[in-house]
$ cat target_25.cif   # mmCIF, C-alpha atoms
data_model
#
loop_
_atom_site.label_atom_id
_atom_site.label_comp_id
_atom_site.auth_asym_id
_atom_site.auth_seq_id
_atom_site.Cartn_x
_atom_site.Cartn_y
_atom_site.Cartn_z
CA MET B 3 5.21 -24.24 29.79
CA LYS B 4 8.70 -24.38 28.32
CA LEU B 5 9.12 -24.74 24.58
CA THR B 6 12.32 -25.93 22.97
CA ASN B 7 14.92 -23.45 21.81
CA TYR B 8 14.55 -22.24 18.23
CA ASP B 9 17.11 -20.82 15.85
CA VAL B 10 14.66 -18.23 14.52
CA VAL B 11 11.41 -16.86 15.90
CA VAL B 12 9.38 -14.75 13.48
CA LEU B 13 6.84 -12.38 15.01
CA GLY B 14 3.96 -12.24 12.55
CA GLY B 15 2.57 -14.63 9.96
CA GLY B 16 1.96 -12.17 7.16
CA ALA B 17 3.63 -11.98 3.77
CA ALA B 18 7.05 -10.83 5.02
CA GLY B 19 7.08 -13.16 8.01
CA LEU B 20 6.19 -16.26 6.00
CA MET B 21 8.78 -15.47 3.31
CA CYS B 22 11.45 -15.01 5.98
CA ALA B 23 10.47 -18.28 7.67
CA ILE B 24 10.63 -20.18 4.36
CA THR B 25 14.05 -18.76 3.53
CA ALA B 26 15.50 -19.45 6.98
CA GLY B 27 13.95 -22.93 7.07
CA ALA B 28 15.50 -23.75 3.71
CA ARG B 29 18.89 -23.09 5.30
CA GLY B 30 18.20 -25.78 7.89
CA ARG B 31 17.29 -23.33 10.63
CA ARG B 32 14.66 -24.38 13.15
CA VAL B 33 11.95 -21.73 12.70
CA LEU B 34 8.86 -20.81 14.69
CA VAL B 35 6.29 -18.26 13.46
CA LEU B 36 4.18 -16.61 16.16
CA GLU B 37 0.85 -15.35 14.79
CA ARG B 38 -1.46 -13.31 17.02
CA SER B 39 -4.70 -14.18 15.23
CA ASN B 40 -6.40 -17.47 14.49
CA LYS B 41 -4.57 -17.99 11.19
CA PRO B 42 -1.70 -16.51 9.18
CA GLY B 43 -1.95 -14.45 6.01
CA LYS B 44 -5.26 -12.65 6.52
CA LYS B 45 -4.13 -9.56 4.65
CA ILE B 46 -2.98 -11.73 1.75
CA LEU B 47 -6.46 -13.21 1.47
CA MET B 48 -8.25 -9.86 1.22
CA SER B 49 -5.74 -8.18 -1.07
CA GLY B 50 -6.54 -7.28 -4.64
CA GLY B 51 -10.24 -7.87 -4.17
CA GLY B 52 -9.49 -11.47 -3.19
CA ARG B 53 -7.18 -12.02 -6.19
CA CYS B 54 -3.91 -10.81 -4.60
CA ASN B 55 -1.85 -8.31 -6.60
CA PHE B 56 1.28 -10.24 -5.57
CA THR B 57 3.93 -8.23 -7.45
CA ASN B 58 4.55 -5.96 -10.42
CA LEU B 59 6.50 -6.48 -13.64
CA TRP B 60 8.25 -3.13 -13.21
CA VAL B 61 9.82 -2.87 -9.75
CA LEU B 62 12.09 0.15 -9.29
CA PRO B 63 13.36 2.05 -6.24
CA GLU B 64 11.16 4.95 -7.38
CA ASN B 65 8.11 2.85 -6.53
CA PHE B 66 8.89 3.05 -2.81
CA ILE B 67 8.52 5.83 -0.25
CA SER B 68 11.08 6.15 2.56
CA SER B 69 13.12 8.75 4.38
CA ASN B 70 16.07 6.88 2.85
CA PRO B 71 15.13 6.27 -0.81
CA HIS B 72 18.23 4.10 -1.32
CA PHE B 73 17.45 1.61 1.45
CA CYS B 74 15.17 -0.64 -0.61
CA LYS B 75 17.67 -1.12 -3.46
CA SER B 76 19.65 -4.01 -2.00
CA ALA B 77 16.61 -6.08 -1.02
CA ILE B 78 14.68 -5.70 -4.28
CA SER B 79 17.82 -6.67 -6.21
CA GLN B 80 18.54 -9.72 -4.01
CA TYR B 81 14.99 -11.08 -4.39
CA THR B 82 13.29 -9.68 -7.48
CA GLN B 83 9.78 -9.85 -8.87
CA TRP B 84 11.04 -12.56 -11.23
CA ASP B 85 12.07 -14.71 -8.27
CA PHE B 86 8.58 -14.56 -6.81
CA ILE B 87 6.96 -15.07 -10.20
CA GLY B 88 9.12 -18.18 -10.54
CA LEU B 89 7.80 -19.48 -7.22
CA VAL B 90 4.21 -18.81 -8.31
CA GLU B 91 4.79 -20.64 -11.58
CA ALA B 92 6.45 -23.58 -9.80
CA HIS B 93 3.19 -24.02 -7.87
CA ASP B 94 1.16 -23.89 -11.10
CA ILE B 95 -0.77 -20.80 -10.02
CA GLU B 96 -2.35 -19.09 -13.00
CA TYR B 97 -1.92 -15.32 -13.02
CA GLU B 98 -2.66 -12.38 -15.29
CA GLU B 99 -1.20 -8.96 -16.02
CA ARG B 100 -3.41 -5.95 -15.56
CA SER B 101 -2.73 -2.25 -16.09
CA HIS B 102 0.63 -0.78 -15.11
CA GLY B 103 2.30 -4.20 -14.88
CA GLN B 104 0.23 -5.45 -11.95
CA LEU B 105 0.09 -9.24 -11.55
CA PHE B 106 -2.98 -10.91 -10.03
CA CYS B 107 -4.08 -14.48 -9.44
CA VAL B 108 -6.66 -15.52 -12.02
CA ASP B 109 -8.48 -17.59 -9.42
CA SER B 110 -7.94 -16.60 -5.79
CA ALA B 111 -5.55 -15.06 -3.26
CA LYS B 112 -6.00 -18.30 -1.33
CA GLN B 113 -3.57 -19.88 -3.78
CA ILE B 114 -0.74 -17.52 -2.75
CA LEU B 115 -1.30 -18.23 0.95
CA ALA B 116 -1.56 -21.97 0.29
CA MET B 117 1.73 -21.79 -1.64
CA LEU B 118 3.49 -20.02 1.23
CA LEU B 119 2.13 -22.46 3.82
CA ALA B 120 3.14 -25.42 1.64
CA GLU B 121 6.66 -24.00 1.40
CA CYS B 122 6.73 -23.54 5.18
CA ALA B 123 5.72 -27.16 5.66
CA ARG B 124 8.34 -28.31 3.16
CA VAL B 125 11.16 -26.77 5.21
CA ASN B 126 9.61 -27.72 8.59
CA VAL B 127 8.60 -24.25 9.73
CA GLU B 128 6.29 -24.36 12.76
CA ILE B 129 3.42 -21.88 13.00
CA LEU B 130 1.74 -21.13 16.32
CA ASN B 131 -1.56 -19.24 16.13
CA PHE B 132 -3.19 -17.30 18.97
CA ALA B 133 0.34 -16.48 20.17
CA GLU B 134 0.83 -12.99 21.58
CA LEU B 135 4.23 -11.71 22.60
CA GLN B 136 4.29 -10.38 26.16
CA GLU B 137 7.97 -9.64 26.59
CA ILE B 138 11.30 -10.07 24.86
CA THR B 139 14.60 -10.01 26.73
CA PRO B 140 18.16 -10.20 25.37
CA VAL B 141 20.18 -12.89 27.15
CA PRO B 142 23.87 -13.76 27.01
CA GLU B 143 24.86 -16.89 25.10
CA THR B 144 25.70 -19.59 27.64
CA ASN B 145 26.68 -23.23 27.77
CA GLY B 146 26.56 -23.79 24.05
CA ILE B 147 22.88 -22.86 23.78
CA ASN B 148 22.81 -20.31 20.98
CA ALA B 149 19.96 -18.27 22.45
CA ARG B 150 20.33 -14.52 22.36
CA TYR B 151 16.68 -13.77 23.21
CA GLU B 152 14.05 -15.05 25.57
CA LEU B 153 10.41 -14.45 24.69
CA MET B 154 7.41 -14.68 27.00
CA VAL B 155 4.41 -15.56 24.86
CA LYS B 156 0.75 -15.92 25.80
CA VAL B 157 -0.71 -18.86 23.91
CA ALA B 158 -4.20 -20.35 23.63
CA GLY B 159 -5.73 -20.89 27.04
CA ASP B 160 -3.75 -17.98 28.51
CA GLU B 161 -0.73 -20.16 29.18
CA ILE B 162 2.61 -18.38 29.19
CA ALA B 163 5.30 -20.00 27.09
CA CYS B 164 8.97 -19.18 27.50
CA ILE B 165 10.72 -19.43 24.13
CA SER B 166 14.41 -18.92 23.47
CA ALA B 167 15.86 -18.02 20.10
CA SER B 168 19.10 -17.11 18.43
CA SER B 169 17.35 -14.64 16.11
CA VAL B 170 14.07 -12.75 16.37
CA VAL B 171 12.47 -11.25 13.24
CA VAL B 172 9.87 -8.53 13.74
CA ALA B 173 7.30 -8.91 10.95
CA THR B 174 4.34 -7.55 12.87
CA GLY B 175 3.02 -5.29 10.13
CA ALA B 176 1.79 -1.81 11.00
CA LEU B 177 -1.32 0.17 11.89
CA SER B 178 -3.31 -0.21 8.67
CA ILE B 179 -6.54 -2.25 8.70
CA PRO B 180 -6.56 -3.23 12.40
CA THR B 181 -9.39 -5.70 11.78
CA LEU B 182 -6.85 -7.86 9.90
CA GLY B 183 -4.27 -7.74 12.66
CA GLY B 184 -2.66 -4.36 12.15
CA SER B 185 -1.00 -3.12 15.34
CA GLY B 186 1.76 -0.96 16.71
CA GLN B 187 3.59 -3.80 18.46
CA GLY B 188 6.58 -3.59 16.13
CA TYR B 189 7.03 0.08 17.02
CA GLU B 190 6.99 -0.76 20.72
CA LEU B 191 9.75 -3.31 20.16
CA ALA B 192 11.75 -0.77 18.17
CA THR B 193 11.44 1.69 21.05
CA GLN B 194 12.54 -1.00 23.51
CA PHE B 195 15.76 -1.42 21.54
CA ASP B 196 16.32 2.35 21.14
CA LEU B 197 15.51 2.51 17.44
CA GLU B 198 14.21 5.75 15.95
CA LEU B 199 10.65 5.87 14.66
CA LYS B 200 9.66 8.04 11.72
CA PRO B 201 6.23 9.73 11.96
CA ARG B 202 3.47 7.36 10.88
CA ARG B 203 0.30 8.06 8.91
CA ALA B 204 -2.16 6.25 6.70
CA GLY B 205 -1.16 5.70 3.06
CA LEU B 206 -2.95 4.35 -0.01
CA VAL B 207 -6.19 5.57 1.53
CA PRO B 208 -9.37 7.33 0.31
CA LEU B 209 -9.70 11.09 0.92
CA MET B 210 -12.73 12.83 2.47
CA PHE B 211 -14.35 16.27 2.31
CA SER B 212 -16.30 18.31 4.84
CA ASP B 213 -17.19 21.32 2.63
CA GLN B 214 -19.74 21.55 -0.22
CA LEU B 215 -17.84 18.86 -2.12
CA LYS B 216 -19.00 16.24 0.39
CA SER B 217 -22.58 16.46 -0.91
CA VAL B 218 -21.29 16.54 -4.50
CA CYS B 219 -19.37 13.32 -3.89
CA GLU B 220 -22.40 11.73 -2.22
CA ARG B 221 -24.50 12.39 -5.31
CA LEU B 222 -21.72 11.10 -7.59
CA SER B 223 -21.01 8.02 -5.46
CA GLY B 224 -20.10 5.10 -7.73
CA THR B 225 -19.07 7.32 -10.67
CA SER B 226 -15.52 6.77 -11.92
CA LEU B 227 -13.27 8.17 -14.66
CA GLU B 228 -9.58 8.30 -15.55
CA VAL B 229 -7.83 11.45 -14.38
CA THR B 230 -4.36 12.85 -13.87
CA ILE B 231 -3.92 13.73 -10.21
CA SER B 232 -1.08 15.69 -8.61
CA CYS B 233 0.12 16.61 -5.13
CA GLY B 234 3.43 16.83 -3.28
CA GLY B 235 5.45 16.89 -6.48
CA GLN B 236 3.99 13.56 -7.68
CA THR B 237 1.58 12.84 -10.52
CA PHE B 238 -0.44 9.72 -11.36
CA THR B 239 -2.83 8.95 -14.22
CA GLU B 240 -5.35 6.35 -13.12
CA SER B 241 -9.00 5.93 -12.23
CA LEU B 242 -10.75 8.18 -9.70
CA LEU B 243 -13.89 6.95 -7.93
CA PHE B 244 -16.40 9.17 -6.14
CA THR B 245 -17.72 7.76 -2.84
CA HIS B 246 -20.29 8.91 -0.30
CA ARG B 247 -17.38 10.19 1.83
CA GLY B 248 -15.17 11.73 -0.85
CA ILE B 249 -12.86 10.31 -3.50
CA SER B 250 -11.10 6.98 -3.89
CA GLY B 251 -9.88 4.71 -6.70
CA PRO B 252 -6.29 3.95 -7.74
CA ALA B 253 -5.41 7.56 -8.63
CA VAL B 254 -6.51 8.86 -5.23
CA LEU B 255 -4.94 6.01 -3.26
CA GLN B 256 -1.63 6.69 -4.99
CA ILE B 257 -1.65 10.44 -4.37
CA SER B 258 -2.83 10.03 -0.76
CA SER B 259 0.65 8.81 0.16
CA TYR B 260 2.00 12.23 -0.84
CA TRP B 261 -0.84 14.36 0.56
CA SER B 262 -0.77 16.03 3.98
CA PRO B 263 -3.71 17.70 5.76
CA GLY B 264 -4.22 21.24 4.53
CA GLU B 265 -2.73 20.61 1.11
CA THR B 266 -4.56 20.92 -2.19
CA VAL B 267 -4.94 18.04 -4.65
CA HIS B 268 -4.95 18.99 -8.35
CA VAL B 269 -7.12 16.93 -10.71
CA ASP B 270 -6.88 17.16 -14.50
CA LEU B 271 -10.16 15.78 -15.84
CA PHE B 272 -8.81 15.99 -19.43
CA ASN B 273 -5.52 14.13 -18.79
CA GLY B 274 -3.23 16.65 -20.45
CA LEU B 275 -5.53 17.70 -23.29
CA ASP B 276 -5.97 21.50 -23.34
CA ALA B 277 -9.60 21.78 -22.22
CA SER B 278 -9.87 25.49 -23.06
CA MET B 279 -8.81 24.90 -26.66
CA TRP B 280 -11.17 21.93 -26.89
CA LEU B 281 -14.11 24.03 -25.69
CA LEU B 282 -13.28 26.86 -28.10
CA GLU B 283 -13.07 24.39 -30.99
CA GLY B 284 -16.43 23.05 -29.87
CA LYS B 285 -17.86 26.56 -29.94
CA ARG B 286 -16.59 26.96 -33.50
CA ASP B 287 -17.72 23.57 -34.81
CA LYS B 288 -20.72 22.70 -32.60
CA GLY B 289 -21.99 26.11 -31.52
CA LEU B 290 -25.62 25.00 -31.17
CA LEU B 291 -24.72 22.65 -28.29
CA GLN B 292 -24.71 23.68 -24.65
CA ILE B 293 -21.47 23.40 -22.65
CA ARG B 294 -23.02 20.53 -20.71
CA SER B 295 -23.84 18.58 -23.88
CA LEU B 296 -20.35 19.00 -25.31
CA LEU B 297 -18.60 18.00 -22.09
CA SER B 298 -20.80 14.93 -21.76
CA GLN B 299 -19.05 13.57 -24.85
CA ARG B 300 -15.87 13.23 -22.73
CA LEU B 301 -17.00 13.07 -19.09
CA PRO B 302 -19.76 11.20 -17.21
CA ARG B 303 -23.04 13.13 -17.55
CA SER B 304 -23.64 13.07 -13.79
CA LEU B 305 -20.24 14.72 -13.19
CA VAL B 306 -20.90 17.35 -15.86
CA ASP B 307 -24.20 18.23 -14.16
CA GLU B 308 -22.40 18.78 -10.86
CA LEU B 309 -19.65 20.84 -12.48
CA GLN B 310 -22.25 23.00 -14.22
CA ALA B 311 -23.85 23.80 -10.86
CA LEU B 312 -20.43 24.69 -9.45
CA TRP B 313 -18.80 26.52 -12.35
CA TRP B 314 -21.29 27.96 -14.87
CA PRO B 315 -24.80 27.96 -13.36
CA THR B 316 -25.79 31.24 -15.01
CA ALA B 317 -24.79 29.95 -18.45
CA ALA B 318 -26.46 26.58 -18.01
CA GLY B 319 -29.03 27.06 -20.79
CA LYS B 320 -26.84 28.93 -23.21
CA ARG B 321 -25.55 27.61 -26.51
CA LEU B 322 -21.76 27.48 -26.92
CA ALA B 323 -22.04 30.08 -29.67
CA ASP B 324 -23.51 32.51 -27.11
CA CYS B 325 -20.88 31.87 -24.44
CA PRO B 326 -17.99 34.37 -24.22
CA ASN B 327 -14.53 32.94 -24.80
CA GLU B 328 -13.54 34.21 -21.36
CA LEU B 329 -16.08 31.88 -19.74
CA LEU B 330 -14.96 28.88 -21.80
CA ASN B 331 -11.32 29.59 -20.98
CA ARG B 332 -12.15 29.75 -17.27
CA ILE B 333 -14.06 26.47 -17.39
CA GLY B 334 -11.23 24.89 -19.37
CA THR B 335 -8.69 25.98 -16.78
CA GLN B 336 -10.80 24.41 -14.03
CA LEU B 337 -11.18 21.18 -16.01
CA ASN B 338 -7.40 20.91 -16.35
CA ASN B 339 -6.78 21.93 -12.75
CA TRP B 340 -9.71 21.14 -10.45
CA GLN B 341 -8.36 22.13 -7.05
CA LEU B 342 -9.68 19.96 -4.23
CA LYS B 343 -8.86 20.39 -0.54
CA PRO B 344 -9.63 17.19 1.38
CA SER B 345 -10.49 17.55 5.06
CA ALA B 346 -8.88 14.25 6.03
CA SER B 347 -8.13 10.73 4.87
CA GLU B 348 -10.22 7.76 5.97
CA GLY B 349 -7.33 6.78 8.25
CA TYR B 350 -5.93 3.40 9.20
CA ARG B 351 -9.35 1.73 9.07
CA THR B 352 -9.18 1.48 5.28
CA ALA B 353 -5.54 2.37 4.56
CA GLU B 354 -3.63 -0.27 2.63
CA VAL B 355 -0.28 0.74 4.15
CA THR B 356 1.24 2.71 7.00
CA LEU B 357 3.74 5.34 5.91
CA GLY B 358 6.78 5.89 8.12
CA GLY B 359 7.77 3.44 10.84
CA VAL B 360 11.07 2.05 12.07
CA ALA B 361 13.85 4.27 10.73
CA THR B 362 16.27 2.46 8.45
CA ASP B 363 19.41 4.30 9.65
CA ASN B 364 20.41 1.53 12.05
CA ILE B 365 19.12 -1.37 9.93
CA SER B 366 21.32 -3.24 7.45
CA SER B 367 19.85 -2.83 3.98
CA LYS B 368 21.41 -6.16 3.01
CA SER B 369 20.13 -8.33 5.87
CA MET B 370 17.49 -6.22 7.70
CA GLU B 371 19.41 -6.82 10.94
CA VAL B 372 19.69 -4.11 13.58
CA ARG B 373 23.31 -3.00 13.48
CA GLN B 374 23.81 -2.67 17.24
CA GLN B 375 21.59 -5.62 18.18
CA PRO B 376 22.82 -8.92 16.68
CA GLY B 377 20.05 -11.37 15.91
CA LEU B 378 17.24 -8.79 15.82
CA PHE B 379 15.64 -8.08 12.43
CA PHE B 380 12.82 -5.84 11.17
CA ILE B 381 11.06 -6.57 7.86
CA GLY B 382 8.02 -5.60 5.84
CA GLU B 383 5.60 -2.80 6.60
CA VAL B 384 6.91 -2.07 10.11
CA LEU B 385 9.93 -0.43 8.48
CA ASP B 386 9.96 3.07 7.03
CA VAL B 387 9.47 1.69 3.51
CA SER B 388 6.11 1.81 1.71
CA GLY B 389 5.30 0.95 -1.88
CA HIS B 390 3.04 2.47 -4.46
CA LEU B 391 -0.23 0.76 -5.28
CA GLY B 392 0.21 -2.12 -7.72
CA GLY B 393 1.95 -5.03 -5.98
CA PHE B 394 4.97 -3.12 -4.68
CA ASN B 395 4.17 -3.57 -0.99
CA PHE B 396 3.96 -7.32 -1.46
CA GLN B 397 7.26 -7.25 -3.34
CA TRP B 398 8.82 -5.37 -0.43
CA ALA B 399 7.49 -8.07 1.91
CA TRP B 400 8.96 -10.87 -0.24
CA SER B 401 12.31 -9.09 -0.70
CA SER B 402 12.87 -7.91 2.86
CA GLY B 403 11.68 -11.24 4.26
CA TYR B 404 14.02 -13.14 1.99
CA CYS B 405 17.03 -11.00 2.98
CA ALA B 406 16.37 -11.49 6.68
CA GLY B 407 15.83 -15.22 6.16
CA LEU B 408 19.31 -15.53 4.65
CA SER B 409 20.93 -14.12 7.79
CA ALA B 410 18.61 -14.93 10.70
#
$ encode --input "target_25.cif" --output "structure tokens"
Amino acid sequence: MKLTNYDVVVLGGGAAGLMCAITAGARGRRVLVLERSNKPGKKILMSGGGRCNFTNLWVLPENFISSNPHFCKSAISQYTQWDFIGLVEAHDIEYEERSHGQLFCVDSAKQILAMLLAECARVNVEILNFAELQEITPVPETNGINARYELMVKVAGDEIACISASSVVVATGALSIPTLGGSGQGYELATQFDLELKPRRAGLVPLMFSDQLKSVCERLSGTSLEVTISCGGQTFTESLLFTHRGISGPAVLQISSYWSPGETVHVDLFNGLDASMWLLEGKRDKGLLQIRSLLSQRLPRSLVDELQALWWPTAAGKRLADCPNELLNRIGTQLNNWQLKPSASEGYRTAEVTLGGVATDNISSKSMEVRQQPGLFFIGEVLDVSGHLGGFNFQWAWSSGYCAGLSA
């Protein structure tokens, strides 16, 4: 089966791939998107609890993690959050701002995918589902046919299609959430073309415990509160959620991208308020109360019960007035700096992103093209660029896809 030559073949029908296809198609390029699964955009549909946190009002280079922190600057300035917001508004999609500048669809993530597919149709982008790349080979340009690559693709029915293209854009995603199409194919292609790979690990992922805290978390499962969490020189103030495996919630997902096995995570349950001073003031003003009763005015009662069993079991029935200041100072220090040592993260199964990936050293930050391999581009999550929680990974997909689409 021989398919006609294309100007651009995009490997992957996710957020970055679709944005690249739209941009290239708008330039009059003949574009084909090859999607391995039965339909494009699966990760878009499940994102943000089905509401799609499609970007953030405050996009800065500091919101991205990479071995080269400057690499993202060109792309996010060429295609900004305001550009994507403008596209959303042009399609009359109602959206809302949540905490920390996050933008979500009011109705459904389906609207974002429908918008992208409508834009693809408008510029005549072709999308082929159930298409799995078997092999890609660089070929010399001959006889006026501007085809620098030949792709062998297995399509529905196990037929092998031979597709030629001037440009190939790798938008295959990464290892996170394999049930939605995550794979390492992009890394294999990078290796084929002698590109360096940075070490990969799960990011924006819940953390687990194997010590006594595992049973504590099981009993607290479903309990949440706002905390200030720190690790690896980074600090976030957001919600923490206890689960039957460990801890999750926005605060934990954020810090997980900076945590490495063996490291300690520091949790301030009082968010900067001096807990020791607060307890001592409580002793002075409300001395008839127990520590547990006073703390329950600020923290979930179930959490206070667990902390009492861990930190002051012998003083459990005592009034504050009968507690030595030394004890209250020690408890206060622990409240401001609860040191937790996770055993592991939940891994790629639940991770929202893959940290690391294709090194950016040999990739143009302006066009996403491989410097020594004309016509080959890498975009989105496959690259060594990952965003914080809050719409930044989608913005990276839109921005990097757009830049590649201008040059592919």
$ atom_distance --input "target_25.cif" --atom1 "CA of Asp9 in chain B" --atom2 "CA of Arg124 in chain B"
17.1 Å
$ resolve_selection --input "target_25.cif" --expression "the PyMOL selection byres ((chain B and resi 150) around 12)" --output "mmCIF file with C-alpha atoms, in the coordinates of the input"
data_model
loop_
_atom_site.group_PDB
_atom_site.id
_atom_site.type_symbol
_atom_site.label_atom_id
_atom_site.label_comp_id
_atom_site.auth_asym_id
_atom_site.auth_seq_id
_atom_site.Cartn_x
_atom_site.Cartn_y
_atom_site.Cartn_z
ATOM 1 C CA ASN B 7 14.920 -23.450 21.810
ATOM 2 C CA TYR B 8 14.550 -22.240 18.230
ATOM 3 C CA ASP B 9 17.110 -20.820 15.850
ATOM 4 C CA VAL B 10 14.660 -18.230 14.520
ATOM 5 C CA VAL B 11 11.410 -16.860 15.900
ATOM 6 C CA ILE B 138 11.300 -10.070 24.860
ATOM 7 C CA THR B 139 14.600 -10.010 26.730
ATOM 8 C CA PRO B 140 18.160 -10.200 25.370
ATOM 9 C CA VAL B 141 20.180 -12.890 27.150
ATOM 10 C CA PRO B 142 23.870 -13.760 27.010
ATOM 11 C CA GLU B 143 24.860 -16.890 25.100
ATOM 12 C CA THR B 144 25.700 -19.590 27.640
ATOM 13 C CA GLY B 146 26.560 -23.790 24.050
ATOM 14 C CA ILE B 147 22.880 -22.860 23.780
ATOM 15 C CA ASN B 148 22.810 -20.310 20.980
ATOM 16 C CA ALA B 149 19.960 -18.270 22.450
ATOM 17 C CA TYR B 151 16.680 -13.770 23.210
ATOM 18 C CA GLU B 152 14.050 -15.050 25.570
ATOM 19 C CA LEU B 153 10.410 -14.450 24.690
ATOM 20 C CA ILE B 165 10.720 -19.430 24.130
ATOM 21 C CA SER B 166 14.410 -18.920 23.470
ATOM 22 C CA ALA B 167 15.860 -18.020 20.100
ATOM 23 C CA SER B 168 19.100 -17.110 18.430
ATOM 24 C CA SER B 169 17.350 -14.640 16.110
ATOM 25 C CA VAL B 170 14.070 -12.750 16.370
ATOM 26 C CA GLN B 375 21.590 -5.620 18.180
ATOM 27 C CA PRO B 376 22.820 -8.920 16.680
ATOM 28 C CA GLY B 377 20.050 -11.370 15.910
ATOM 29 C CA LEU B 378 17.240 -8.790 15.820
ATOM 30 C CA ALA B 410 18.610 -14.930 10.700
#
$ residues_around --input "target_25.cif" --residues "Met21 in chain B" --least-positions-apart "3" --cutoff "12 Å" --atoms "all atoms listed in the file" --output "PDB file with C-alpha atoms, keeping the file's coordinate frame"
ATOM      1  CA  VAL B  12       9.380 -14.750  13.480  1.00  0.00           C
ATOM      2  CA  GLY B  14       3.960 -12.240  12.550  1.00  0.00           C
ATOM      3  CA  GLY B  15       2.570 -14.630   9.960  1.00  0.00           C
ATOM      4  CA  GLY B  16       1.960 -12.170   7.160  1.00  0.00           C
ATOM      5  CA  ALA B  17       3.630 -11.980   3.770  1.00  0.00           C
ATOM      6  CA  ALA B  18       7.050 -10.830   5.020  1.00  0.00           C
ATOM      7  CA  ILE B  24      10.630 -20.180   4.360  1.00  0.00           C
ATOM      8  CA  THR B  25      14.050 -18.760   3.530  1.00  0.00           C
ATOM      9  CA  ALA B  26      15.500 -19.450   6.980  1.00  0.00           C
ATOM     10  CA  GLY B  27      13.950 -22.930   7.070  1.00  0.00           C
ATOM     11  CA  ALA B  28      15.500 -23.750   3.710  1.00  0.00           C
ATOM     12  CA  VAL B  33      11.950 -21.730  12.700  1.00  0.00           C
ATOM     13  CA  VAL B  35       6.290 -18.260  13.460  1.00  0.00           C
ATOM     14  CA  GLY B  43      -1.950 -14.450   6.010  1.00  0.00           C
ATOM     15  CA  TYR B  81      14.990 -11.080  -4.390  1.00  0.00           C
ATOM     16  CA  PHE B  86       8.580 -14.560  -6.810  1.00  0.00           C
ATOM     17  CA  LEU B  89       7.800 -19.480  -7.220  1.00  0.00           C
ATOM     18  CA  ILE B 114      -0.740 -17.520  -2.750  1.00  0.00           C
ATOM     19  CA  LEU B 115      -1.300 -18.230   0.950  1.00  0.00           C
ATOM     20  CA  MET B 117       1.730 -21.790  -1.640  1.00  0.00           C
ATOM     21  CA  LEU B 118       3.490 -20.020   1.230  1.00  0.00           C
ATOM     22  CA  LEU B 119       2.130 -22.460   3.820  1.00  0.00           C
ATOM     23  CA  ALA B 120       3.140 -25.420   1.640  1.00  0.00           C
ATOM     24  CA  GLU B 121       6.660 -24.000   1.400  1.00  0.00           C
ATOM     25  CA  CYS B 122       6.730 -23.540   5.180  1.00  0.00           C
ATOM     26  CA  VAL B 125      11.160 -26.770   5.210  1.00  0.00           C
ATOM     27  CA  VAL B 127       8.600 -24.250   9.730  1.00  0.00           C
ATOM     28  CA  VAL B 171      12.470 -11.250  13.240  1.00  0.00           C
ATOM     29  CA  ALA B 173       7.300  -8.910  10.950  1.00  0.00           C
ATOM     30  CA  ILE B 381      11.060  -6.570   7.860  1.00  0.00           C
ATOM     31  CA  GLY B 382       8.020  -5.600   5.840  1.00  0.00           C
ATOM     32  CA  PHE B 396       3.960  -7.320  -1.460  1.00  0.00           C
ATOM     33  CA  GLN B 397       7.260  -7.250  -3.340  1.00  0.00           C
ATOM     34  CA  TRP B 398       8.820  -5.370  -0.430  1.00  0.00           C
ATOM     35  CA  ALA B 399       7.490  -8.070   1.910  1.00  0.00           C
ATOM     36  CA  TRP B 400       8.960 -10.870  -0.240  1.00  0.00           C
ATOM     37  CA  SER B 401      12.310  -9.090  -0.700  1.00  0.00           C
ATOM     38  CA  SER B 402      12.870  -7.910   2.860  1.00  0.00           C
ATOM     39  CA  GLY B 403      11.680 -11.240   4.260  1.00  0.00           C
ATOM     40  CA  TYR B 404      14.020 -13.140   1.990  1.00  0.00           C
ATOM     41  CA  CYS B 405      17.030 -11.000   2.980  1.00  0.00           C
ATOM     42  CA  ALA B 406      16.370 -11.490   6.680  1.00  0.00           C
ATOM     43  CA  GLY B 407      15.830 -15.220   6.160  1.00  0.00           C
ATOM     44  CA  LEU B 408      19.310 -15.530   4.650  1.00  0.00           C
TER      45      LEU B 408
END
$ resolve_selection --input "target_25.cif" --expression "the PyMOL selection byres ((chain B and resi 41) around 9)" --output "list in words"
Gly15, Glu37, Arg38, Ser39, Asn40, Pro42, Gly43, Lys44, Leu130, Asn131 and Phe132 of chain B
$ residues_around --input "target_25.cif" --residues "Leu385 in chain B" --least-positions-apart "3" --cutoff "10 Å" --atoms "all atoms listed in the file" --output "PyMOL selection string"
chain B and resi 68+172-173+175-176+188-189+192+199-200+356-362+365+370+380-382+388+402
$ closest_residue --input "target_25.cif" --among "B:Gln214, B:Ser258, B:Thr225, B:Gln187" --to "Thr174 in chain B" --atoms "only C-alpha atoms"
B:Gln187
$ residues_near_point --input "target_25.cif" --point "(-6.0, 0.2, -13.4)" --cutoff "9 Å" --atoms "all atoms listed in the file" --output "list of chain:residue names"
B:Arg100, B:Ser101, B:His102, B:Gln104, B:Glu240, B:Ser241, B:Gly251, B:Pro252, B:Ala253, B:Gly392
$ resolve_selection --input "target_25.cif" --expression "the PyMOL selection byres ((chain B and resi 222) around 12)" --output "JSON, numbers by chain"
{"B": [215, 216, 217, 218, 219, 220, 221, 223, 224, 225, 226, 227, 242, 243, 244, 245, 246, 247, 248, 249, 250, 302, 303, 304, 305, 306, 307, 308, 309]}
$ residues_around --input "target_25.cif" --residues "Thr230 in chain B" --least-positions-apart "6" --cutoff "10 Å" --atoms "only C-alpha atoms" --output "list of chain:residue names"
B:Thr237, B:Phe238, B:Thr239, B:Glu240, B:Ser241, B:Leu242, B:Ala253, B:Val254, B:His268, B:Val269, B:Asp270, B:Leu271, B:Phe272, B:Asn273, B:Gly274, B:Asn338, B:Asn339
